[in-house]
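Right, one structure below, let's go through it.
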Amino acid sequence: MPDDRVSLIVFSGDMDKAMAAFTIASGAAKPETAVTMFFTFWGISLLRRETGGGRLFLERMFKRMMPVGPEQVGLSKMNFGGIGATLMRRLMRQKDSATLPQLMNLAMERHVEFIACEASMQIMGIKPEELIEYEHLRVGGVDAFLESAKKSAVNLFV
Amino acid sequence: MPDDRVSLIVFSGDMDKAMAAFTIASGAAKPETAVTMFFTFWGISLLRRETGGGRLFLERMFKRMMPVGPEQVGLSKMNFGGIGATLMRRLMRQKDSATLPQLMNLAMERHVEFIACEASMQIMGIKPEELIEYEHLRVGGVDAFLESAKKSAVNLFV
Amino acid sequence: MPDDRVSLIVFSGDMDKAMAAFTIASGAAKPETAVTMFFTFWGISLLRRETGGGRLFLERMFKRMMPVGPEQVGLSKMNFGGIGATLMRRLMRQKDSATLPQLMNLAMERHVEFIACEASMQIMGIKPEELIEYEHLRVGGVDAFLESAKKSAVNLFV
């Protein structure tokens, strides 16, 4: 039976969608409400802290093209090769709005659980040691997501 | 505990995704089922009725580039600078399918609640008076969405 | 009241998003958990097995441009006119990861229910006989989705 839990799949690695996801996660995280974020596919970018090598050429190529961390991700629209994202970041600073890294930190301060999708990491050749260090981060599969989702009152695919 | 409620986050301002969102909202809205749509980021475009000025240059720039209302929004795919959206609109007229403005009106006739995301409006410098007039539209934050979502049987991020 | 059911709206026809959707669907499908996938708009591409003609010019044009089946769909990002999707398919083969057609087959082996959106098919002029043959596939409207969604513990819009 669902309780007060919230589970989010972060499929997109885009700045704007990630901002929505972390805003919802931080807003929902309360002592009585556990929040789980399951990062899959492009969403893994947000958890990367460095770009290691790769055994296969295609692996290295995809890894080099994928952003590393929330400072590098682009907008889902009007990105124009990153210019849109840069201008949006500048606009948010001018307005003193919370930026994506700040929203992500807030979610971590509130102990939101992060699960990095095992299958996505395997396809892209990203190793656990290439991800950020965070006490509540673990690598898991679709079963880990489903277990959390079935207990959640709110589930979203972002 | 969830009841029969339906809550949708309309993040995308794309014509095709918005059509899906309003179709679900209108289909679900019944005397015994309340429906809430939370418009955030690009989704705010759908609620705009005019483009006011802005204090900051970047604000004016983003506001000028964002569509104003459902007649101006593009497709999420095959848009080709708006040509795809124009052709899709023409195709729907030829077929007597409901267009996006018609679907949006239907949702309003059925008293679907619209919440415009406060944080998005603040970042983009969009003022409440630049939005459409509709009795069941209000400006609110992530808490307003979560309150509705936790009571909903169906929650979707579009 | 929600039970253990899972309902997914497959709006996107992108390879990466569809992989996520079929992975969740197959992972969730158990004797005690029924799973429904509602394919709408670009998601219909995944169910197409041939491209028939069309009465209207615009209809024929959209149908010719939309992919036919899971082998033809592209990535939501870094697609570069299909090159990204081809390289991703090659990378997955090199790694022995399940490909999209395999994931889709797995969902069908586990009797996941497929509903093809009636309104989308009507707009695009796709006829039921142009879809794949599968015992648990039927054409239906938003009501069919909502009926399933209201009984589901997990609902996602992909």
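Order determines the names: the first chain of the structure tokens is A, the second B, and so forth; residues in each chain are numbered 1 upward, and ligands are numbered 1 upward as they are shown.
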Would you pick out the contacts of segment 55-64 of chain B at 12 Å or less, using only C-alpha atoms, so that residues sharing its chain but fewer than 2 positions from it are not included, and give the list as a PyMOL selection string? (chain A and resi 77-79+84-95) or (chain B and resi 41-42+44-45+48+50-53+66-68+120-127+130)
Compile a residue-level contact table for chain C against chain A at a cut-off of 10 Å, reporting for every qualifying residue the shortest atom pair and its distance in Å to one decimal, with only C-alpha atoms counted, rows ordered by chain and ascending number, as CSV.
residue,atom,partner,partner_atom,distance
C:Met1,CA,A:Met1,CA,9.7
C:Pro2,CA,A:Met1,CA,8.0
C:Asp3,CA,A:Met1,CA,7.5
C:Asp4,CA,A:Lys150,CA,7.2
C:Arg5,CA,A:Lys150,CA,9.0
C:Val6,CA,A:Lys150,CA,8.9
C:Leu8,CA,A:Phe157,CA,9.9
C:Asp16,CA,A:Phe41,CA,7.5
C:Lys17,CA,A:Phe11,CA,7.9
C:Met19,CA,A:Phe41,CA,9.7
C:Ala20,CA,A:Thr40,CA,8.2
C:Ala21,CA,A:Phe157,CA,9.9
C:Thr23,CA,A:Val142,CA,7.3
C:Ile24,CA,A:Val142,CA,6.4
C:Ala25,CA,A:Val142,CA,9.7
C:Ser26,CA,A:Val142,CA,9.6
C:Gly27,CA,A:Val142,CA,6.6
C:Ala28,CA,A:Leu146,CA,7.1
C:Ser76,CA,A:Ser12,CA,9.3
C:Lys77,CA,A:Trp42,CA,8.5
C:Met78,CA,A:Met65,CA,8.6
C:Gly84,CA,A:Phe62,CA,9.1
C:Leu87,CA,A:Leu58,CA,7.1
C:Met88,CA,A:Leu58,CA,8.0
C:Arg90,CA,A:Leu58,CA,8.3
C:Leu91,CA,A:Leu58,CA,6.2
C:Met92,CA,A:Ile123,CA,6.3
C:Arg93,CA,A:Ile123,CA,9.6
C:Gln94,CA,A:Leu56,CA,8.6
C:Lys95,CA,A:Ile123,CA,6.8
C:Asp96,CA,A:Ile123,CA,9.0
C:Ser97,CA,A:Ile123,CA,6.9
C:Ala98,CA,A:Ala119,CA,9.5
C:Ser152,CA,A:Lys150,CA,9.2
C:Ala153,CA,A:Lys150,CA,5.6
C:Val154,CA,A:Lys150,CA,6.2
C:Asn155,CA,A:Asn155,CA,6.7
C:Leu156,CA,A:Phe157,CA,5.7
C:Phe157,CA,A:Phe157,CA,6.2
C:Val158,CA,A:Phe157,CA,6.4
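Between atom CA of Phe39 of chain B and atom CA of Leu103 of chain A there is a distance of 19.3 Å.
Of all the residues in segment 124-154 of chain C, the ones DSSP labels as alpha helix (DSSP H) from the backbone are Met124, Val142, Asp143, Ala144, Phe145, Leu146, Glu147, Ser148, Ala149 and Lys150 of chain C.
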Just asking: which residues within segment 28-149 of chain A are strand (DSSP E) according to DSSP, as a PyMOL selection string? chain A and resi 35-39+113-117+137-140
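Interatomic distance, atom CA of Glu135 of chain B against atom CA of His111 of chain B: 8.6 Å.
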Which polymer residues have any atom within 10 Å of an atom of Leu137 of chain C, counting only C-alpha atoms, with same-chain residues fewer than 4 positions away left out, as a ChimeraX atom specification? /C:36-38,47,108,111-116,128,131-133
